[in-house]
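S.K.: Data: coords_37.pdb, PDB, C-alpha atoms.
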ATOM      1  CA  MET A   1       0.000   0.000   0.000  1.00  0.00           C
ATOM      2  CA  ASN A   2       1.373   3.392  -1.016  1.00  0.00           C
ATOM      3  CA  ILE A   3       0.667   5.707   1.923  1.00  0.00           C
ATOM      4  CA  VAL A   4       1.654   9.361   1.685  1.00  0.00           C
ATOM      5  CA  ALA A   5       1.537  12.248   4.135  1.00  0.00           C
ATOM      6  CA  ILE A   6       0.412  15.656   2.878  1.00  0.00           C
ATOM      7  CA  ILE A   7       0.998  18.791   4.939  1.00  0.00           C
ATOM      8  CA  PRO A   8      -0.663  21.949   3.555  1.00  0.00           C
ATOM      9  CA  ALA A   9       1.167  25.115   4.659  1.00  0.00           C
ATOM     10  CA  ARG A  10       0.269  28.432   3.053  1.00  0.00           C
ATOM     11  CA  GLY A  11       2.666  31.352   3.189  1.00  0.00           C
ATOM     12  CA  ASN A  12       0.112  33.856   4.422  1.00  0.00           C
ATOM     13  CA  SER A  13      -1.747  33.156   7.621  1.00  0.00           C
ATOM     14  CA  LYS A  14      -4.340  34.768   9.833  1.00  0.00           C
ATOM     15  CA  GLY A  15      -3.766  35.575  13.510  1.00  0.00           C
ATOM     16  CA  ILE A  16      -0.017  34.958  13.555  1.00  0.00           C
ATOM     17  CA  ALA A  17       2.249  36.109  10.715  1.00  0.00           C
ATOM     18  CA  ASN A  18       4.135  33.246   9.036  1.00  0.00           C
ATOM     19  CA  LYS A  19       2.452  30.905  11.501  1.00  0.00           C
ATOM     20  CA  ASN A  20       3.626  27.676   9.874  1.00  0.00           C
ATOM     21  CA  ILE A  21       7.303  28.501  10.412  1.00  0.00           C
ATOM     22  CA  ILE A  22       7.284  30.407  13.710  1.00  0.00           C
ATOM     23  CA  ASP A  23       9.728  29.234  16.373  1.00  0.00           C
ATOM     24  CA  PHE A  24       8.168  26.477  18.442  1.00  0.00           C
ATOM     25  CA  CYS A  25      10.248  24.640  21.027  1.00  0.00           C
ATOM     26  CA  GLY A  26      13.423  25.689  19.230  1.00  0.00           C
ATOM     27  CA  LYS A  27      12.376  24.638  15.715  1.00  0.00           C
ATOM     28  CA  PRO A  28      10.152  26.072  12.954  1.00  0.00           C
ATOM     29  CA  LEU A  29       6.614  24.864  13.680  1.00  0.00           C
ATOM     30  CA  ILE A  30       6.362  22.787  10.490  1.00  0.00           C
ATOM     31  CA  TYR A  31       9.476  20.823  11.483  1.00  0.00           C
ATOM     32  CA  TRP A  32       7.542  18.845  14.101  1.00  0.00           C
ATOM     33  CA  THR A  33       4.831  17.585  11.756  1.00  0.00           C
ATOM     34  CA  ILE A  34       7.358  16.689   9.054  1.00  0.00           C
ATOM     35  CA  THR A  35       9.541  14.817  11.543  1.00  0.00           C
ATOM     36  CA  GLN A  36       6.594  12.947  13.089  1.00  0.00           C
ATOM     37  CA  SER A  37       5.475  11.870   9.609  1.00  0.00           C
ATOM     38  CA  LEU A  38       8.954  10.773   8.545  1.00  0.00           C
ATOM     39  CA  LYS A  39       9.215   8.581  11.642  1.00  0.00           C
ATOM     40  CA  SER A  40       6.028   6.691  10.719  1.00  0.00           C
ATOM     41  CA  LYS A  41       6.772   3.095   9.738  1.00  0.00           C
ATOM     42  CA  TYR A  42       3.881   3.102   7.256  1.00  0.00           C
ATOM     43  CA  ILE A  43       4.430   6.389   5.433  1.00  0.00           C
ATOM     44  CA  ASP A  44       7.936   5.256   4.513  1.00  0.00           C
ATOM     45  CA  GLY A  45       9.405   8.723   3.979  1.00  0.00           C
ATOM     46  CA  LYS A  46       6.733   9.866   1.511  1.00  0.00           C
ATOM     47  CA  VAL A  47       6.018  13.207   3.167  1.00  0.00           C
ATOM     48  CA  TYR A  48       4.889  16.137   1.008  1.00  0.00           C
ATOM     49  CA  VAL A  49       4.444  19.793   1.900  1.00  0.00           C
ATOM     50  CA  SER A  50       2.049  21.820  -0.262  1.00  0.00           C
ATOM     51  CA  SER A  51       2.675  25.565  -0.190  1.00  0.00           C
ATOM     52  CA  ASP A  52       2.566  28.715  -2.268  1.00  0.00           C
ATOM     53  CA  SER A  53       5.638  29.916  -0.359  1.00  0.00           C
ATOM     54  CA  LYS A  54       9.044  28.967  -1.754  1.00  0.00           C
ATOM     55  CA  LYS A  55      10.573  29.825   1.608  1.00  0.00           C
ATOM     56  CA  ILE A  56       8.383  27.249   3.365  1.00  0.00           C
ATOM     57  CA  LEU A  57       9.131  24.673   0.675  1.00  0.00           C
ATOM     58  CA  ARG A  58      12.909  25.192   0.924  1.00  0.00           C
ATOM     59  CA  LEU A  59      12.735  24.888   4.693  1.00  0.00           C
ATOM     60  CA  SER A  60      10.565  21.770   4.449  1.00  0.00           C
ATOM     61  CA  GLU A  61      13.003  20.135   2.054  1.00  0.00           C
ATOM     62  CA  SER A  62      15.836  20.765   4.523  1.00  0.00           C
ATOM     63  CA  PHE A  63      13.831  18.727   7.067  1.00  0.00           C
ATOM     64  CA  GLY A  64      13.378  15.833   4.629  1.00  0.00           C
ATOM     65  CA  ALA A  65       9.991  16.566   3.035  1.00  0.00           C
ATOM     66  CA  LYS A  66       9.206  16.709  -0.672  1.00  0.00           C
ATOM     67  CA  SER A  67       7.822  19.949  -2.154  1.00  0.00           C
ATOM     68  CA  ILE A  68       4.618  20.673  -4.025  1.00  0.00           C
ATOM     69  CA  LEU A  69       4.297  24.256  -5.232  1.00  0.00           C
ATOM     70  CA  ARG A  70       0.658  25.245  -4.861  1.00  0.00           C
ATOM     71  CA  PRO A  71      -0.890  27.548  -7.499  1.00  0.00           C
ATOM     72  CA  SER A  72      -2.042  30.984  -6.328  1.00  0.00           C
ATOM     73  CA  ASN A  73      -5.647  30.313  -7.373  1.00  0.00           C
ATOM     74  CA  ILE A  74      -5.979  27.694  -4.607  1.00  0.00           C
ATOM     75  CA  SER A  75      -3.877  29.546  -2.033  1.00  0.00           C
ATOM     76  CA  SER A  76      -6.187  32.368  -0.981  1.00  0.00           C
ATOM     77  CA  ASP A  77      -7.982  32.888   2.341  1.00  0.00           C
ATOM     78  CA  THR A  78     -11.098  31.321   0.804  1.00  0.00           C
ATOM     79  CA  SER A  79      -9.340  28.292  -0.667  1.00  0.00           C
ATOM     80  CA  THR A  80     -10.138  24.968   0.968  1.00  0.00           C
ATOM     81  CA  SER A  81      -7.819  22.262   2.230  1.00  0.00           C
ATOM     82  CA  GLU A  82      -9.608  19.890  -0.135  1.00  0.00           C
ATOM     83  CA  GLU A  83      -8.420  21.930  -3.120  1.00  0.00           C
ATOM     84  CA  ALA A  84      -4.821  21.714  -1.934  1.00  0.00           C
ATOM     85  CA  LEU A  85      -5.156  17.996  -1.241  1.00  0.00           C
ATOM     86  CA  ILE A  86      -6.593  17.136  -4.656  1.00  0.00           C
ATOM     87  CA  HIS A  87      -3.850  19.181  -6.348  1.00  0.00           C
ATOM     88  CA  SER A  88      -1.191  17.440  -4.230  1.00  0.00           C
ATOM     89  CA  ILE A  89      -2.427  13.942  -4.993  1.00  0.00           C
ATOM     90  CA  ASN A  90      -2.551  14.711  -8.710  1.00  0.00           C
ATOM     91  CA  GLU A  91       1.009  16.065  -8.625  1.00  0.00           C
ATOM     92  CA  ILE A  92       2.296  13.067  -6.669  1.00  0.00           C
ATOM     93  CA  GLU A  93       0.690  10.588  -9.058  1.00  0.00           C
ATOM     94  CA  LYS A  94       2.109  12.429 -12.083  1.00  0.00           C
ATOM     95  CA  LYS A  95       5.629  11.889 -10.793  1.00  0.00           C
ATOM     96  CA  SER A  96       5.337   8.517  -9.078  1.00  0.00           C
ATOM     97  CA  GLU A  97       2.969   5.664  -8.388  1.00  0.00           C
ATOM     98  CA  LYS A  98      -0.733   5.668  -7.570  1.00  0.00           C
ATOM     99  CA  VAL A  99      -1.592   6.844  -4.060  1.00  0.00           C
ATOM    100  CA  ASP A 100      -3.591   4.322  -2.008  1.00  0.00           C
ATOM    101  CA  LEU A 101      -3.994   6.249   1.230  1.00  0.00           C
ATOM    102  CA  VAL A 102      -3.484   9.843   2.359  1.00  0.00           C
ATOM    103  CA  VAL A 103      -2.588  11.053   5.832  1.00  0.00           C
ATOM    104  CA  PHE A 104      -3.432  14.756   5.888  1.00  0.00           C
ATOM    105  CA  LEU A 105      -1.700  16.554   8.766  1.00  0.00           C
ATOM    106  CA  GLN A 106      -1.990  20.138   9.987  1.00  0.00           C
ATOM    107  CA  CYS A 107       1.254  21.596  11.265  1.00  0.00           C
ATOM    108  CA  THR A 108      -0.648  23.958  13.571  1.00  0.00           C
ATOM    109  CA  SER A 109      -1.541  20.868  15.642  1.00  0.00           C
ATOM    110  CA  PRO A 110       1.926  19.693  16.706  1.00  0.00           C
ATOM    111  CA  LEU A 111       0.845  17.723  19.788  1.00  0.00           C
ATOM    112  CA  ARG A 112       1.140  14.244  18.335  1.00  0.00           C
ATOM    113  CA  THR A 113       3.744  11.505  17.857  1.00  0.00           C
ATOM    114  CA  SER A 114       4.588   9.105  15.050  1.00  0.00           C
ATOM    115  CA  ILE A 115       3.033   6.394  17.216  1.00  0.00           C
ATOM    116  CA  ASP A 116      -0.320   8.216  17.031  1.00  0.00           C
ATOM    117  CA  ILE A 117      -0.063   8.229  13.250  1.00  0.00           C
ATOM    118  CA  ASP A 118       0.901   4.552  13.025  1.00  0.00           C
ATOM    119  CA  MET A 119      -1.817   3.412  15.416  1.00  0.00           C
ATOM    120  CA  ALA A 120      -4.420   5.390  13.451  1.00  0.00           C
ATOM    121  CA  ILE A 121      -3.310   3.816  10.145  1.00  0.00           C
ATOM    122  CA  GLU A 122      -3.468   0.347  11.693  1.00  0.00           C
ATOM    123  CA  TYR A 123      -6.935   1.055  13.085  1.00  0.00           C
ATOM    124  CA  PHE A 124      -8.077   2.471   9.725  1.00  0.00           C
ATOM    125  CA  ASN A 125      -7.036  -0.693   7.913  1.00  0.00           C
ATOM    126  CA  LYS A 126      -8.310  -3.072  10.598  1.00  0.00           C
ATOM    127  CA  GLU A 127     -11.803  -1.538  10.529  1.00  0.00           C
ATOM    128  CA  ASN A 128     -11.856  -1.101   6.738  1.00  0.00           C
ATOM    129  CA  TYR A 129     -12.663   2.614   6.941  1.00  0.00           C
ATOM    130  CA  ASP A 130     -12.803   4.902   3.928  1.00  0.00           C
ATOM    131  CA  SER A 131     -12.011   8.045   5.945  1.00  0.00           C
ATOM    132  CA  LEU A 132     -11.032   8.800   9.535  1.00  0.00           C
ATOM    133  CA  PHE A 133     -10.307  11.766  11.780  1.00  0.00           C
ATOM    134  CA  SER A 134      -8.382  12.210  15.005  1.00  0.00           C
ATOM    135  CA  ALA A 135     -10.601  13.345  17.831  1.00  0.00           C
ATOM    136  CA  THR A 136     -10.969  14.122  21.503  1.00  0.00           C
ATOM    137  CA  ASN A 137     -13.762  12.798  23.694  1.00  0.00           C
ATOM    138  CA  LEU A 138     -15.541  15.856  25.099  1.00  0.00           C
ATOM    139  CA  LYS A 139     -17.114  13.716  27.836  1.00  0.00           C
ATOM    140  CA  ASP A 140     -19.656  15.807  29.744  1.00  0.00           C
ATOM    141  CA  LEU A 141     -19.081  19.115  27.947  1.00  0.00           C
ATOM    142  CA  CYS A 142     -22.368  21.028  27.858  1.00  0.00           C
ATOM    143  CA  LEU A 143     -22.917  23.329  24.880  1.00  0.00           C
ATOM    144  CA  TRP A 144     -25.325  26.258  24.616  1.00  0.00           C
ATOM    145  CA  ARG A 145     -26.195  28.724  21.867  1.00  0.00           C
ATOM    146  CA  SER A 146     -28.070  31.979  21.662  1.00  0.00           C
ATOM    147  CA  VAL A 147     -31.347  31.797  19.727  1.00  0.00           C
ATOM    148  CA  GLY A 148     -32.879  35.256  19.443  1.00  0.00           C
ATOM    149  CA  ASN A 149     -32.816  36.618  22.976  1.00  0.00           C
ATOM    150  CA  LYS A 150     -32.849  33.199  24.625  1.00  0.00           C
ATOM    151  CA  LEU A 151     -30.263  30.545  25.424  1.00  0.00           C
ATOM    152  CA  LYS A 152     -30.811  26.998  24.212  1.00  0.00           C
ATOM    153  CA  SER A 153     -28.935  23.876  25.308  1.00  0.00           C
ATOM    154  CA  ILE A 154     -27.561  22.082  22.229  1.00  0.00           C
ATOM    155  CA  ASN A 155     -26.176  18.674  23.076  1.00  0.00           C
ATOM    156  CA  PHE A 156     -28.178  17.987  26.237  1.00  0.00           C
ATOM    157  CA  ASP A 157     -31.530  18.803  27.815  1.00  0.00           C
ATOM    158  CA  TYR A 158     -30.901  21.089  30.785  1.00  0.00           C
ATOM    159  CA  LYS A 159     -34.321  20.127  32.202  1.00  0.00           C
ATOM    160  CA  LEU A 160     -33.329  16.448  32.252  1.00  0.00           C
ATOM    161  CA  ARG A 161     -29.633  16.642  33.012  1.00  0.00           C
ATOM    162  CA  LYS A 162     -28.061  13.178  33.043  1.00  0.00           C
ATOM    163  CA  MET A 163     -25.479  11.832  35.455  1.00  0.00           C
ATOM    164  CA  ARG A 164     -21.933  12.147  34.093  1.00  0.00           C
ATOM    165  CA  GLN A 165     -21.545   8.384  33.743  1.00  0.00           C
ATOM    166  CA  ASP A 166     -24.728   8.157  31.665  1.00  0.00           C
ATOM    167  CA  VAL A 167     -23.711  10.712  29.034  1.00  0.00           C
ATOM    168  CA  GLN A 168     -22.961   9.193  25.627  1.00  0.00           C
ATOM    169  CA  PRO A 169     -19.463   9.953  24.203  1.00  0.00           C
ATOM    170  CA  GLN A 170     -19.228  13.162  22.187  1.00  0.00           C
ATOM    171  CA  TYR A 171     -16.250  13.755  19.951  1.00  0.00           C
ATOM    172  CA  SER A 172     -14.563  16.855  18.577  1.00  0.00           C
ATOM    173  CA  GLU A 173     -12.141  16.839  15.652  1.00  0.00           C
ATOM    174  CA  ASN A 174      -8.821  17.862  17.168  1.00  0.00           C
ATOM    175  CA  GLY A 175      -7.340  18.845  13.791  1.00  0.00           C
ATOM    176  CA  SER A 176      -4.210  16.729  14.219  1.00  0.00           C
ATOM    177  CA  PHE A 177      -4.717  14.486  11.190  1.00  0.00           C
ATOM    178  CA  TYR A 178      -7.192  12.946   8.775  1.00  0.00           C
ATOM    179  CA  ILE A 179      -6.824   9.691   6.839  1.00  0.00           C
ATOM    180  CA  PHE A 180      -8.737   8.926   3.665  1.00  0.00           C
ATOM    181  CA  LYS A 181      -8.682   7.064   0.386  1.00  0.00           C
ATOM    182  CA  PRO A 182      -8.046   9.352  -2.615  1.00  0.00           C
ATOM    183  CA  ASN A 183     -11.227   8.218  -4.383  1.00  0.00           C
ATOM    184  CA  ILE A 184     -13.295   9.511  -1.445  1.00  0.00           C
ATOM    185  CA  LEU A 185     -11.773  12.974  -1.805  1.00  0.00           C
ATOM    186  CA  ARG A 186     -12.254  13.004  -5.574  1.00  0.00           C
ATOM    187  CA  GLU A 187     -15.809  11.690  -5.536  1.00  0.00           C
ATOM    188  CA  CYS A 188     -17.094  13.703  -2.569  1.00  0.00           C
ATOM    189  CA  ASN A 189     -14.774  16.723  -2.806  1.00  0.00           C
ATOM    190  CA  ASN A 190     -14.475  16.174   0.914  1.00  0.00           C
ATOM    191  CA  ARG A 191     -12.000  14.517   3.269  1.00  0.00           C
ATOM    192  CA  PHE A 192     -14.956  12.567   4.677  1.00  0.00           C
ATOM    193  CA  GLY A 193     -17.007   9.936   2.908  1.00  0.00           C
ATOM    194  CA  GLY A 194     -17.900   6.269   2.888  1.00  0.00           C
ATOM    195  CA  LYS A 195     -17.345   4.486   6.181  1.00  0.00           C
ATOM    196  CA  ILE A 196     -16.048   7.155   8.586  1.00  0.00           C
ATOM    197  CA  GLY A 197     -14.004   6.335  11.669  1.00  0.00           C
ATOM    198  CA  ILE A 198     -12.707   8.142  14.742  1.00  0.00           C
ATOM    199  CA  PHE A 199      -9.255   7.765  16.248  1.00  0.00           C
ATOM    200  CA  GLU A 200      -9.420   8.998  19.819  1.00  0.00           C
ATOM    201  CA  MET A 201      -6.420  10.841  21.265  1.00  0.00           C
ATOM    202  CA  GLU A 202      -5.614  12.182  24.716  1.00  0.00           C
ATOM    203  CA  SER A 203      -7.610  15.276  25.686  1.00  0.00           C
ATOM    204  CA  TRP A 204      -4.561  17.590  25.842  1.00  0.00           C
ATOM    205  CA  LYS A 205      -3.795  16.874  22.171  1.00  0.00           C
ATOM    206  CA  ILE A 206      -6.822  18.972  21.175  1.00  0.00           C
ATOM    207  CA  HIS A 207      -4.775  22.173  21.486  1.00  0.00           C
ATOM    208  CA  GLU A 208      -3.676  23.853  18.248  1.00  0.00           C
ATOM    209  CA  ILE A 209      -1.889  27.076  17.383  1.00  0.00           C
ATOM    210  CA  ASP A 210      -4.142  29.862  16.127  1.00  0.00           C
ATOM    211  CA  ASP A 211      -3.053  32.800  18.286  1.00  0.00           C
ATOM    212  CA  GLN A 212      -0.277  33.834  20.690  1.00  0.00           C
ATOM    213  CA  ASP A 213      -1.908  32.272  23.764  1.00  0.00           C
ATOM    214  CA  ASP A 214      -2.045  28.914  21.985  1.00  0.00           C
ATOM    215  CA  ILE A 215       1.732  28.952  21.546  1.00  0.00           C
ATOM    216  CA  GLU A 216       2.289  28.997  25.309  1.00  0.00           C
ATOM    217  CA  ILE A 217      -0.235  26.220  25.923  1.00  0.00           C
ATOM    218  CA  CYS A 218       1.141  23.960  23.176  1.00  0.00           C
ATOM    219  CA  ASN A 219       4.712  24.736  24.233  1.00  0.00           C
ATOM    220  CA  PHE A 220       3.904  23.499  27.753  1.00  0.00           C
ATOM    221  CA  TYR A 221       2.398  20.218  26.594  1.00  0.00           C
ATOM    222  CA  MET A 222       5.069  19.624  23.957  1.00  0.00           C
ATOM    223  CA  LYS A 223       7.850  19.955  26.503  1.00  0.00           C
ATOM    224  CA  SER A 224       6.141  18.178  29.393  1.00  0.00           C
ATOM    225  CA  LYS A 225       4.309  15.384  27.569  1.00  0.00           C
ATOM    226  CA  ILE A 226       6.147  14.639  24.315  1.00  0.00           C
ATOM    227  CA  LEU A 227       9.765  15.806  24.358  1.00  0.00           C
ATOM    228  CA  THR A 228      10.408  14.354  27.830  1.00  0.00           C
ATOM    229  CA  THR A 229       9.556  10.874  26.548  1.00  0.00           C
ATOM    230  CA  GLN A 230      11.796  10.977  23.472  1.00  0.00           C
TER     231      GLN A 230
END
Could you write out this file's structure as C-alpha cells?
M.R.:
Amino acid sequence: MNIVAIIPARGNSKGIANKNIIDFCGKPLIYWTITQSLKSKYIDGKVYVSSDSKKILRLSESFGAKSILRPSNISSDTSTSEEALIHSINEIEKKSEKVDLVVFLQCTSPLRTSIDIDMAIEYFNKENYDSLFSATNLKDLCLWRSVGNKLKSINFDYKLRKMRQDVQPQYSENGSFYIFKPNILRECNNRFGGKIGIFEMESWKIHEIDDQDDIEICNFYMKSKILTTQ
C-alpha cells in the first residue's frame, strides 16, 4: 500500500504572521509535523508539503519533506484544504505511483507523535474505513447557543440533566490528522465519505496554534508530555 503524508502550509496566515514557520520549542513549527510523519513506519518517507511559499518549501526540504508548489488560485484565504489535497495527490501521481492512502496533517496541531499516526493507520485498515479523523472525547461538555434573545442547550436537555456516567461519548475533531482514500476525496470533494471512523487521542492533544496564547499552551504540553519521553 502506497501511503503518503500531505501537509498543507500556506505562506500567508491569519492571527499569527508566518504561523507555519514560527519558532516552536526551538524549531520552525512545520518541522515537528514533518519529523513525526517521517518517523512513521507506514508512510515510509513519503512526506509532502504543499505551499505557495518557496521559503516554506525550501525549509521543508531541509527537514526531509518533498515539495509541491501550490498555485495561487488555490492559495487564498477562501481556498479549501480539499483543493490543496486534490492538487497534491494529482502532482504526486504524475511523478510517481498511484496513491492508495493519504494522511493529511496540519502543522498547527503539533501535539502528536509518530506512534499516534501509526496506530491510526493500523486502526483504519483493521476496521476497513474509507475516511477517519483524530478526535478528543468531550465527555460531559455542555454546549449552549443563543437563539434570538434566549439561550438553548444544544447537546443535552438542561431540564433532564443526566449523570456524568450516563452521558454518551461526544467527539470533537482535534485537527491533528485525517486519513482517507483518494477516491473519497475526488468523488465527494471532501476529506470525509464512505465508512467514517474516529481515532481517539488524549484530551490535551486537542490544542492547536491559532493565536499567541495557543503557543504557550502547546509549548507546555510539547515539553512536558512529548519531548520528555523521546
S.K.: Run the PyMOL selection byres ((chain A and resi 172) around 7) mentally over the shown coordinates, then write out the matched residues as a ChimeraX atom specification, using the chain letters and numbers from the document.
M.R.: /A:135-138,170-171,173-174
S.K.: Mind checking which residues fall within 10 Å of Asp140 (chain A), counting only C-alpha atoms, ignoring those fewer than 5 positions away in the same chain, and posting them as a PyMOL selection string?
M.R.: chain A and resi 155-156+162-170
S.K.: Evaluate the PyMOL selection byres ((chain A and resi 205) around 12) here and jot the selected residues down as a PDB file with C-alpha atoms, in the coordinates of the input.
M.R.:
ATOM      1  CA  THR A 108      -0.648  23.958  13.571  1.00  0.00           C
ATOM      2  CA  SER A 109      -1.541  20.868  15.642  1.00  0.00           C
ATOM      3  CA  PRO A 110       1.926  19.693  16.706  1.00  0.00           C
ATOM      4  CA  LEU A 111       0.845  17.723  19.788  1.00  0.00           C
ATOM      5  CA  ARG A 112       1.140  14.244  18.335  1.00  0.00           C
ATOM      6  CA  THR A 113       3.744  11.505  17.857  1.00  0.00           C
ATOM      7  CA  ASP A 116      -0.320   8.216  17.031  1.00  0.00           C
ATOM      8  CA  SER A 134      -8.382  12.210  15.005  1.00  0.00           C
ATOM      9  CA  ALA A 135     -10.601  13.345  17.831  1.00  0.00           C
ATOM     10  CA  THR A 136     -10.969  14.122  21.503  1.00  0.00           C
ATOM     11  CA  ASN A 137     -13.762  12.798  23.694  1.00  0.00           C
ATOM     12  CA  SER A 172     -14.563  16.855  18.577  1.00  0.00           C
ATOM     13  CA  GLU A 173     -12.141  16.839  15.652  1.00  0.00           C
ATOM     14  CA  ASN A 174      -8.821  17.862  17.168  1.00  0.00           C
ATOM     15  CA  GLY A 175      -7.340  18.845  13.791  1.00  0.00           C
ATOM     16  CA  SER A 176      -4.210  16.729  14.219  1.00  0.00           C
ATOM     17  CA  PHE A 177      -4.717  14.486  11.190  1.00  0.00           C
ATOM     18  CA  GLU A 200      -9.420   8.998  19.819  1.00  0.00           C
ATOM     19  CA  MET A 201      -6.420  10.841  21.265  1.00  0.00           C
ATOM     20  CA  GLU A 202      -5.614  12.182  24.716  1.00  0.00           C
ATOM     21  CA  SER A 203      -7.610  15.276  25.686  1.00  0.00           C
ATOM     22  CA  TRP A 204      -4.561  17.590  25.842  1.00  0.00           C
ATOM     23  CA  ILE A 206      -6.822  18.972  21.175  1.00  0.00           C
ATOM     24  CA  HIS A 207      -4.775  22.173  21.486  1.00  0.00           C
ATOM     25  CA  GLU A 208      -3.676  23.853  18.248  1.00  0.00           C
ATOM     26  CA  ILE A 209      -1.889  27.076  17.383  1.00  0.00           C
ATOM     27  CA  ILE A 217      -0.235  26.220  25.923  1.00  0.00           C
ATOM     28  CA  CYS A 218       1.141  23.960  23.176  1.00  0.00           C
ATOM     29  CA  ASN A 219       4.712  24.736  24.233  1.00  0.00           C
ATOM     30  CA  PHE A 220       3.904  23.499  27.753  1.00  0.00           C
ATOM     31  CA  TYR A 221       2.398  20.218  26.594  1.00  0.00           C
ATOM     32  CA  MET A 222       5.069  19.624  23.957  1.00  0.00           C
ATOM     33  CA  LYS A 225       4.309  15.384  27.569  1.00  0.00           C
ATOM     34  CA  ILE A 226       6.147  14.639  24.315  1.00  0.00           C
TER      35      ILE A 226
END
S.K.: Residues within 9 Å of Ile34 (chain A), please, as a list in words. Count all atoms listed in the file; anything in the same chain fewer than 4 positions from it doesn't count.
M.R.: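 In the requested format, the answer is Ala5, Ile7, Ile30, Leu38, Lys39, Val47, Tyr48, Val49, Ser60, Phe63, Gly64, Ala65 and Cys107 of chain A.
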S.K.: Report as a ChimeraX atom specification the residues that result from applying the PyMOL selection byres ((chain A and resi 125) around 12) to the structure here.
M.R.: /A:1,3,42,100-101,118-124,126-132,179-181,195-197
S.K.: Which is closest to Ile89 (chain A) among A:Lys46, A:Arg161, A:Lys54, A:Lys150, if we use all atoms listed in the file?
M.R.: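 Under the stated criterion, the closest residue is A:Lys46.
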S.K.: Give me, as a VMD selection string, all polymer residues having an atom no more than 10 Å from Lys41 (chain A), counting only C-alpha atoms and skipping those fewer than 5 positions away in the same chain.
M.R.: chain A and resid 114 to 115 117 to 118
S.K.: May I ask for the distance between CA of Asn73 (chain A) and CA of Glu187 (chain A), given in Å to one decimal place?
M.R.: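 Separation between CA of Asn73 (chain A) and CA of Glu187 (chain A): 21.3 Å.
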S.K.: When you draw a straight line from CA of Leu85 (chain A) to CA of Cys25 (chain A), how long is it in Å?
M.R.: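 CA of Leu85 (chain A) sits 27.9 Å away from CA of Cys25 (chain A).
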S.K.: Around region 123-131 of chain A, fit a box with edges along x, y and z, padding it by 3 Å on each side, then list its centre and edge lengths in Å to one decimal as JSON.
M.R.:
{"center_x": -9.9, "center_y": 2.5, "center_z": 8.5, "size_x": 11.9, "size_y": 17.1, "size_z": 15.2}
S.K.: Could you state the separation of CA of Val4 (chain A) and CA of Lys55 (chain A) in Å, given to one decimal place?
M.R.: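 We find that CA of Val4 (chain A) and CA of Lys55 (chain A) lie 22.3 Å from each other.
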S.K.: Using all atoms listed in the file, which residue out of A:Ala9, A:Val102, A:Leu141, A:Leu227 lies closest to Ile74 (chain A)?
M.R.: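 Nearest candidate to Ile74 (chain A) out of A:Ala9, A:Val102, A:Leu141, A:Leu227: A:Ala9.
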S.K.: Hey, can you pull every residue with an atom no more than 6 Å from (0.8, 30.2, 1.9), using only C-alpha atoms, and send it as a list in words?
M.R.: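 Nearby residues: Ala9, Arg10, Gly11, Asn12, Ser51, Asp52 and Ser53 of chain A.
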S.K.: Compile the contact shell of Ile86 (chain A) as a CSV table (one decimal) with C-alpha atoms, in the coordinates of the input: residues with an atom at most 9 Å away, counting only C-alpha atoms, same-chain residues fewer than 3 positions apart removed.
M.R.:
chain,number,residue,atom,x,y,z
A,81,SER,CA,-7.8,22.3,2.2
A,82,GLU,CA,-9.6,19.9,-0.1
A,83,GLU,CA,-8.4,21.9,-3.1
A,89,ILE,CA,-2.4,13.9,-5.0
A,90,ASN,CA,-2.6,14.7,-8.7
A,91,GLU,CA,1.0,16.1,-8.6
A,182,PRO,CA,-8.0,9.4,-2.6
A,185,LEU,CA,-11.8,13.0,-1.8
A,186,ARG,CA,-12.3,13.0,-5.6
A,189,ASN,CA,-14.8,16.7,-2.8
S.K.: Near Ser88 (chain A), within 8 Å and counting only C-alpha atoms, which residues show up once chain neighbours fewer than 5 positions away are dropped, as a list in words?
M.R.: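 My reading of the contact set: Ile6, Ser50 and Ile68 of chain A.
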S.K.: Print the selection's residues with C-alpha atoms to a file, as a tab-separated table (two decimals), in the coordinates of the input.
M.R.:
chain	number	residue	atom	x	y	z
A	6	ILE	CA	0.41	15.66	2.88
A	50	SER	CA	2.05	21.82	-0.26
A	68	ILE	CA	4.62	20.67	-4.03
